[in-house]
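Visitor: Once you've had a glance at the structure underneath, I'll fire off some questions.
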Amino acid sequence: MDPRGVDLGTALGPLELKNPVIAASGTFGYGREYSSIVPPGSLGGIVVKGISLEPKAGNPPPRIVETPSGMLNAIGLANIGVEAFIEEKLPWLRSLDTKVFVNIYGHRLEEYRAVASAFKGLEGVDALEVNISCPNVDKGGMAFGTDPGMAARVTEAVLSSTDKPVIVKLTPNVTDITEIAKAVEAAGAHGLSLINTIAGMAVDVETRMPRLANVWGGLSGPAIRPVAVYMVYRVVRSVKIPVIGIGGILEARDALEFLISGARAVQVGTANFVNPKATLEIIQGLRDYCARKGIAKLSQIIGTLET
Amino acid sequence: MDPRGVDLGTALGPLELKNPVIAASGTFGYGREYSSIVPPGSLGGIVVKGISLEPKAGNPPPRIVETPSGMLNAIGLANIGVEAFIEEKLPWLRSLDTKVFVNIYGHRLEEYRAVASAFKGLEGVDALEVNISCPNVDKGGMAFGTDPGMAARVTEAVLSSTDKPVIVKLTPNVTDITEIAKAVEAAGAHGLSLINTIAGMAVDVETRMPRLANVWGGLSGPAIRPVAVYMVYRVVRSVKIPVIGIGGILEARDALEFLISGARAVQVGTANFVNPKATLEIIQGLRDYCARKGIAKLSQIIGTLET
Amino acid sequence: MRVDLVKAHIAANGSVAKDTYLMELRLETEEFLAAPGQFVMLRILDTTDPLLRRAFSICSLIKPNVIQIMYRVVGKGTRLMKDMKEEETLELLGPLGNGFQGPERGKKAVLVSGGIGVAPLFFLASRLKPHDLKFIAGYGSKEDVVPPGLLGLEEGSVLFATEDGSCGYHGLVTELFEAELNKTLSRQLQVYCCGPWEMLKKLAHICYEYDLDCQVSLESAMACGVGACQGCAVKASASYPPDYFHVCSHGPVFSSSDIDWEG
Amino acid sequence: MRVDLVKAHIAANGSVAKDTYLMELRLETEEFLAAPGQFVMLRILDTTDPLLRRAFSICSLIKPNVIQIMYRVVGKGTRLMKDMKEEETLELLGPLGNGFQGPERGKKAVLVSGGIGVAPLFFLASRLKPHDLKFIAGYGSKEDVVPPGLLGLEEGSVLFATEDGSCGYHGLVTELFEAELNKTLSRQLQVYCCGPWEMLKKLAHICYEYDLDCQVSLESAMACGVGACQGCAVKASASYPPDYFHVCSHGPVFSSSDIDWEG
Ligand SMILES: Cc1cc2nc3c(=O)[nH]c(=O)nc-3n(C[C@H](O)[C@H](O)[C@H](O)COP(=O)(O)OP(=O)(O)OC[C@H]3O[C@@H](n4cnc5c(N)ncnc54)[C@H](O)[C@@H]3O)c2cc1C
Ligand SMILES: Cc1cc2nc3c(=O)[nH]c(=O)nc-3n(C[C@H](O)[C@H](O)[C@H](O)COP(=O)(O)OP(=O)(O)OC[C@H]3O[C@@H](n4cnc5c(N)ncnc54)[C@H](O)[C@@H]3O)c2cc1C
Ligand SMILES: Cc1cc2nc3c(=O)[nH]c(=O)nc-3n(C[C@H](O)[C@H](O)[C@H](O)COP(=O)(O)O)c2cc1C
Ligand SMILES: Cc1cc2nc3c(=O)[nH]c(=O)nc-3n(C[C@H](O)[C@H](O)[C@H](O)COP(=O)(O)O)c2cc1C
Ligand code: FES
Ligand code: FES
């Protein structure tokens with residue numbers, strides 16, 4: 001079978017992707033930074049860096065530190081704010097032949113509403129991805145995404161402020177991610193993406209100071225893949241809406257772990273740093289895998305895990 | 001300063017350890033397997049494999065799989081049962097010049113009580129370490145350790161059945177580990193150890209089957225170290241009882257991350273597989289570090305993280 | 001049993017068949033007391049990926065402190081190994097496990113291997129007298145065949161079976177084994193084998209039918225290699241009280257009747 | 001700016017001073033359009049530890065597709081690099097960042113380095129005329145000193161300062177710089193420097209006092225190297241609207257007055 005003949009198309013509810021490989025939020029800039037290496041049109045989609053109502057400078061450095069097979073980041077959700085994003089970044093994104101997901105966040109429900117509203121009717125934004133891992137300032141800093149009720153309320157707030165499909169991005173830092181997933185589904189989300197980073201920290205034993213100025217940060221990369229695959233596996237079995245798998249994907253084989261477990265698409269984050277061509281190689285690898293196995297459509301392997 | 005002159009002694013409440021390096025449960029057998037490489041008397045302590053009331057054969061194979069900088073295990077808490085342990089293993093352990101911690105578990109409160117009682121008054125057992133990561137059969141399989149109330153009840157059950165110091169071993173698979181830690185402290189535990197493994201899974205994309213017969217397992221090794229350090233850092237700041245840090249420690253530098261963050265001792269697990277001499281090298285490395293820094297007593301650096 | 005942790009200096013490392021390499025290791029120890037069927041675990045790099053040690057059967061002991069291992073490149077660890085150069089150093093844990101037993105006086109040894117399973121059998125063969133032994137090695141194809149001369153055996157001393165018929169008997173090694181059995185039914189035999197699970201299962205079945213004692217060397221994912229982690233479980237046949245053996249410490253060599261081949 | 005991902009073959013790799021190595025890389029590209037001050041990011045191994053690429057300044061461009069980098073062995077990645085042999089291959093991302101500007105016509109360039117910070121300045125020096133340039137290199141001790149001849153500069157063209165006085169001026173390079181300044185106050189100068197943060201901070205302060213334009217090349221922990229992750233933040237001086245620059249895409253070369261040296 002010719003790998004070029006394999007149909008990699010996948011659907012996330014109303015969204016049709018040419019292939020299941022999406023660049024993850026915060027790791028691919030606004031799409032332009034890698035464009036000399038990765039033609040954006042070759043991707044299934046791009047999720048831009050998390051956008052808030054106001055511009056945010058982010059945390060003091062150091063913001064990143066390498067850990068075994070992973071990295072911690074405490075960027076602090078630095079971004080140019082929704083207004084500048086729409087003015088400066090969206091026109092270019094609009095020209096791309098790929099799905100553009102805008103990742104949004106807030107620290108209050110109204111902030112989520114306001115950011116979501118800003119994209120109402122705007123061309124070039126195919127979906128919103130809602131980051132609910134952010135601390136909720138009204139609830140003593142516990143993340144929105146750690147409480148099913150709050151997660152549902154954020155979901156409703158965004159849904160009521162937008163005409164775009166809404167994907168809610170779940171945090172892994174919870175006792176039972178399926179509870180959150182079910183609450184978000186019941187609130188009407190079109191899809192789920194998981195996982196966001198796992199809370200972690202590292203210490204410089206020479207200075208006896210945390211390696212991140214922010215003390216703790218989010219762990220990403222291959223180290224967390226087993227945790228992500230398991231959470232995706234569990235969530236897929238608890239909800240009906242489509243799930244995007246994220247966490248430590250470096251190669252096609254890794255993406256397949258998620259797809260076979262039931263994810264309809266995947267996002268590639270840290271791997272972009274390790275190998276800027278990772279997304280392209282994963283797409284090619286998926287083609288080769290299907291061809292080798294005689295599978296005409298990638299969608300035929302989604303959720304085929306034998307247990 | 002001469003490294004040999006450094007005092008590595010540490011105290012876990014009533015227990016005095018000659019040094020803070022303890023072999024973790026499930027990774028050091030019953031102490032004997034590595035004794036030709038690691039003289040048990042050189043360690044601060046040994047935690048034996050988790051013991052249950054009845055012998056348990058464990059899960060079908062495959063039981064382990066390597067992941068990036070980590071491994072998943074689904075041993076299924078295989079063990080010879082408390083009776084055989086006391087008869088066959090304890091006599092040898094009793095002869096060792098190190099602290100022996102017996103790791104115990106159950107699936108019902110009465111099981112915890114029964115196993116704990118079996119060690120009442122028995123010489124050679126210096127403390128009990130209570131694994132509360134096990135599924136609670138009366139509560140639909142949610143782990144005891146994921147609910148503060150249940151965690152407290154297990155703690156009380158064990159405390160009322162033993163004359164030994166009781167250390168409760170926390171699971172990281174929770175939204176807020178400090179809540180569990182506080183509940184366990186309030187219930188009277190003498191100390192806490194954390195973290196146990198993180199739930200994870202891996203898929204064989206050729207066979208489309210989980211790589212573990214049990215589908216999911218527990219992730220350990222360097223991959224999880226940042227998560228463990230962060231949880232220890234948070235728990236140390238929420239309770240007054242001593243904390244033992246566990247997770248991904250391979251070298252002295254890694255152990256120091258936990259000690260500086262406030263752990264009074266550490267456990268070394270997966271590293272024993274990677275480098276059977278790891279515990280010995282960590283002890284030597286702690287000596288060298290203190291000598292290099294001109295620190296006479298290791299206890300002087302515990303909890304000295306500058307934030 | 002004394003398990004040691006020693007530095008192993010690569011004295012040679014080269015291809016001997018398709019994707020198959022022979023590595024000679026000079027150990028920093030005076031005498032490495034290894035018996036056929038035992039194995040070692042190697043730490044390949046100091047970094048944390050790959051993390052765990054890799055298990056390899058001892059393929060020959062050419063001096064008291066020099067061993068050879070033969071390995072097939074299948075994944076991350078073996079890929080790194082094949083690119084290692086002379087003078088580079090690995091960390092070795094061993095000798096591990098329990099080796100082959102016997103054969104009893106008067107019994108002829110029949111060695112049956114599938115693929116890289118040939119490695120421990122080369123060591124065993126080197127300890128047996130040529131006329132007390134029949135060595136049958138199965139491979140996929142001609143290019144997989146490891147020339148016995150490389151391990152000091154006589155070139156003609158090994159019978160080959162290849163699945164594609166490109167060398168020796170055309171078919172499965174289990175078929176060739178059965179054919180050979182039928183020739184020599186009169187003899188008292190002790191069978192030794194190592195290879196993929198399905199092959200061992202078939203052999204175990206044949207040996208059961210012919211009422212022959214059969215020792216198999218098994219593989220299993222391992223973490224510790226010394227009986228400490230209980231990771232390398234293999235299901236015991238119903239007749240045994242413990243439900244699982246540990247391949248590393250109870251094996252890797254088992255009597256084929258002790259194993260639950262369906263498990 | 002065109003960033004490329006290319007294979008880099010090691011053409012040479014050897015020690016040039018204590019813990020300091022020079023690696024020559026032949027790139028699989030026709031022409032590598034790199035300017036002094038730009039850097040590359042190398043992926044050292046295919047495995048996941050070390051995971052991230054390592055950043056190195058381009059130390060020289062000896063052919064259109066052959067570069068040199070000079071590195072100090074400080075951790076896991078550089079330790080692996082020093083053991084790499086000719087013919088081994090690394091993956092290179094680059095050229096990255098914005099290099100040094102100028103000097104304006106009529107201005108003399110003063111290059112000041114601390115330790116391994118000498119690497120990008122060698123490249124810059126190679127592009128300037130010897131009489132338009134003063135190169136002051138600070139090191140801890142004599143054994144750290146990289147002989148300028150190795151990079152094609154005249155041996156006498158670099159002034160040295162060592163902290164222990166074992167070579168050249170006895171003291172900090174910033175002191176030697178200030179002493180030299182006092183000799184040449186009449187001249188119009190453009191200062192370029194690279195080294196540890198505290199040294200750059202001092203230099204920035206001296207240049208501010210003497211009203212000299214000063215360009216610094218900064219380091220920061222990096223993940224992407226191309227402006228996509230926002231990881232490599234450095235605080236901008238109060239006069240600037242953005243609170244943080246990204247060292248990889250806004251720098252690594254900055255005007256010293258743009259940086260908040262307390263931040
Ligand atoms: C007792 C014993 C003796 C062995 N003797 C030999 C030998 O002489 N020659 C030889 O080529 N191989 C032998 N093997 C198999 C060898 O250990 C694996 O091929 C090797 O570990 C693969 O490592 P990798 O990193 O290349 O593969 P990867 O697939 O990347 O390894 C991933 C993980 O799976 C484990 N693994 C993969 N395949 C096997 C396997 N077949 N058995 C056990 N664990 C596996 C690895 O150890 C590692 O932990 C033996 C295995 C055992 C248990
Ligand atoms: C723009 C730029 C140019 C550089 N040019 C050179 C050069 O020419 N020669 C040279 O020897 N070094 C240079 N460095 C520093 C070099 O990147 C680090 O020394 C190297 O990454 C250390 O890797 P390691 O694995 O040996 O150390 P480890 O300490 O094991 O590395 C752990 C992590 O910290 C990061 N890290 C450690 N030290 C530094 C540092 N000083 N700056 C940035 N990240 C660091 C590593 O990249 C890695 O992610 C440069 C850094 C930057 C940002
Ligand atoms: C540097 C960095 C920045 C990130 N920023 C965001 C963000 O703004 N919003 C968000 O939802 N996730 C963010 N993430 C999380 C990733 O999108 C992804 O969920 C996570 O890194 C796990 O995937 P990976 O292992 O492939 O990186 C960020 C991750 C990294 C490493
Ligand atoms: C193979 C294996 C078996 C384990 N068995 C137990 C056990 O019986 N009881 C327990 O409390 N923890 C058990 N653990 C968890 C370890 O004691 C330790 O908490 C965990 O592995 C994290 O530490 P590490 O990263 O140093 O391995 C086991 C871990 C492994 C890898
Ligand atoms: S590999 Fe650990 S018990 Fe066998
Ligand atoms: S390293 Fe990613 S923005 Fe600079």
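Each chain in the structure tokens gets a letter, A, B, ..., in the order shown, and its residues are numbered from 1; ligands are numbered from 1 in order too.
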Set the distance at 12 Å and use only C-alpha atoms: which residues neighbour C:Gly77 once local chain neighbours fewer than 4 positions away are removed? I'd like the list as a count of residues only.

Guide: 25

Visitor: Tell me the residues of chain A close to chain B, meaning within 8 Å using only C-alpha atoms, as number ranges by chain.

Guide: A: 67-70, 146, 173-176, 198-205, 208-210, 215-216, 219, 222-224, 226-231, 253, 256-257, 260-261, 304-307

Visitor: Can you work out which residues are within 8 Å of ligand 3, considering only C-alpha atoms and all ligand atoms, and then hand them over as a ChimeraX atom specification?

Guide: /A:24-27,48-51,64,70-75,77-78,103-105,129-133,169,194-197,218-225,246-250,267-271 /D:223,229-231

Visitor: Nearest to C:Ser237 among C:Phe135, C:Trp197, C:Phe122, C:Phe254, with distances taken over only C-alpha atoms: which residue is it?

Guide: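 Looking only at the distances to C:Ser237, the closest residue turns out to be C:Phe254.
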
Visitor: Step one, run DSSP on the backbone; step two, keep only residues of stretch 89-248 of chain B assigned to alpha helix (DSSP H); then write them as number ranges by chain.

Guide: B: 90-94, 109-118, 148-159, 177-186, 225-236

Visitor: Please, what distance in Å, to one decimal, runs between atom CA of D:Ile116 and atom CA of D:Ser217?

Guide: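 Atom-to-atom, atom CA of D:Ile116 to atom CA of D:Ser217, that is 11.9 Å.
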
Visitor: Which residues are near C:Ser256? Cut-off 8 Å, only C-alpha atoms, ignore same chain within fewer than 2 positions. Put them as number ranges by chain.

Guide: C: 204, 213-216, 254, 258-259

Visitor: Go ahead and dump the residues you just picked, C-alpha atoms, as a compact mmCIF listing (two decimals), in the first residue's frame.

Guide:
```txt
# COMPACT_ATOMS: atom_id res chain seq x y z
CA ALA C 204 7.63 -28.37 25.22
CA ASP C 213 13.15 -33.99 29.66
CA CYS C 214 13.30 -30.49 28.26
CA GLN C 215 14.94 -27.40 29.71
CA VAL C 216 13.92 -24.04 28.33
CA PHE C 254 13.15 -24.01 33.66
CA ASP C 258 7.04 -26.38 35.16
CA ILE C 259 5.71 -23.65 32.89
```

Visitor: For a quick check of understanding, using only C-alpha atoms and all ligand atoms, which of C:Val253, C:Val226, C:Ala34, C:Cys59 has the smallest distance to ligand 5?

Guide: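 For ligand 5, the nearest of the given residues is C:Val226.
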
Visitor: Quick check, in Å to one decimal: how far apart do atom 21 (O, counted along the ligand's line) of ligand 2 and atom CA of D:Ala35 lie?

Guide: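 Result for atom 21 (O, counted along the ligand's line) of ligand 2 versus atom CA of D:Ala35: 20.4 Å, one decimal.
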
Visitor: How many Å lie between atom CA of D:Glu91 and atom CA of D:His9, rounded to one decimal?

Guide: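 Computed distance, atom CA of D:Glu91 to atom CA of D:His9, equals 8.6 Å.
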
Visitor: At a cut-off of 12 Å, using only C-alpha atoms, what residues contact A:Leu96? Leave out same-chain residues fewer than 5 positions from it and give the result as a ChimeraX atom specification.

Guide: /A:30-32,35,39-46,89-91,123-126

Visitor: Can you pull out every residue within 12 Å of B:Pro14, counting only C-alpha atoms, but drop anything in the same chain fewer than 5 positions away, and send it as JSON, numbers by chain?

Guide: {"B": [99, 126, 127, 164, 165, 166, 167, 189, 190, 191, 241, 242]}

Visitor: Which residues are near C:Met23? Cut-off 6 Å, only C-alpha atoms, ignore same chain within fewer than 4 positions. Put them as a PDB file with C-alpha atoms, in the first residue's frame.

Guide:
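Output file selection_26.pdb follows:
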```pdb
ATOM      1  CA  ALA C  12      35.344  -6.254  20.326  1.00  0.00           C
ATOM      2  CA  ASN C  13      31.916  -5.508  18.916  1.00  0.00           C
ATOM      3  CA  GLN C  68      30.968 -12.717  24.877  1.00  0.00           C
ATOM      4  CA  ILE C  69      27.359 -11.798  24.417  1.00  0.00           C
TER       5      ILE C  69
END
```

Visitor: Under the rule that only C-alpha atoms are counted, which of C:Ala11, C:Leu5, C:Leu218, C:Leu111 is the nearest residue to chain B?

Guide: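 For chain B, the nearest of the given residues is C:Leu5.
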
Visitor: Which of these, B:Pro3, B:Phe85, B:Asn79, B:Ala291, has the shortest distance to chain C once you count only C-alpha atoms?

Guide: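 Of the candidates, the smallest distance to chain C is held by B:Asn79.
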
Visitor: Using only C-alpha atoms, pick whichever of B:Val82, B:Val137, B:Leu122, B:Ala263 has the shortest atom-to-atom distance to B:Arg108.

Guide: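 Of the candidates, the smallest distance to B:Arg108 is held by B:Val137.
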
Visitor: Find the residues near ligand 6. Use a cut-off of 9 Å, count only C-alpha atoms and all ligand atoms, and write them as a VMD selection string.

Guide: (chain A and resid 27 29 273) or (chain D and resid 220 to 233 245 to 250)

Visitor: Env of D:Gly99: 8 Å cut, atoms = only C-alpha atoms, seq-sep filter 3 positions within chain, self excluded. Answer as a list in words.

Guide: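 Result of the neighbour search: Ala35, Pro36, Gly37, Gln38, Gly251, Pro252 and Val253 of chain D.
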
Visitor: Could you save the residues just selected, with C-alpha atoms, as a short mmCIF file (atom, residue, chain, number, x, y, z; two decimals), in the first residue's frame?

Guide:
```cif
data_model
loop_
_atom_site.label_atom_id
_atom_site.label_comp_id
_atom_site.auth_asym_id
_atom_site.auth_seq_id
_atom_site.Cartn_x
_atom_site.Cartn_y
_atom_site.Cartn_z
CA ALA D 35 26.96 36.26 11.61
CA PRO D 36 29.07 36.80 14.74
CA GLY D 37 26.92 36.63 17.87
CA GLN D 38 24.52 34.12 16.41
CA GLY D 251 19.05 38.63 21.41
CA PRO D 252 21.29 36.97 22.35
CA VAL D 253 23.06 40.27 21.68
#
```
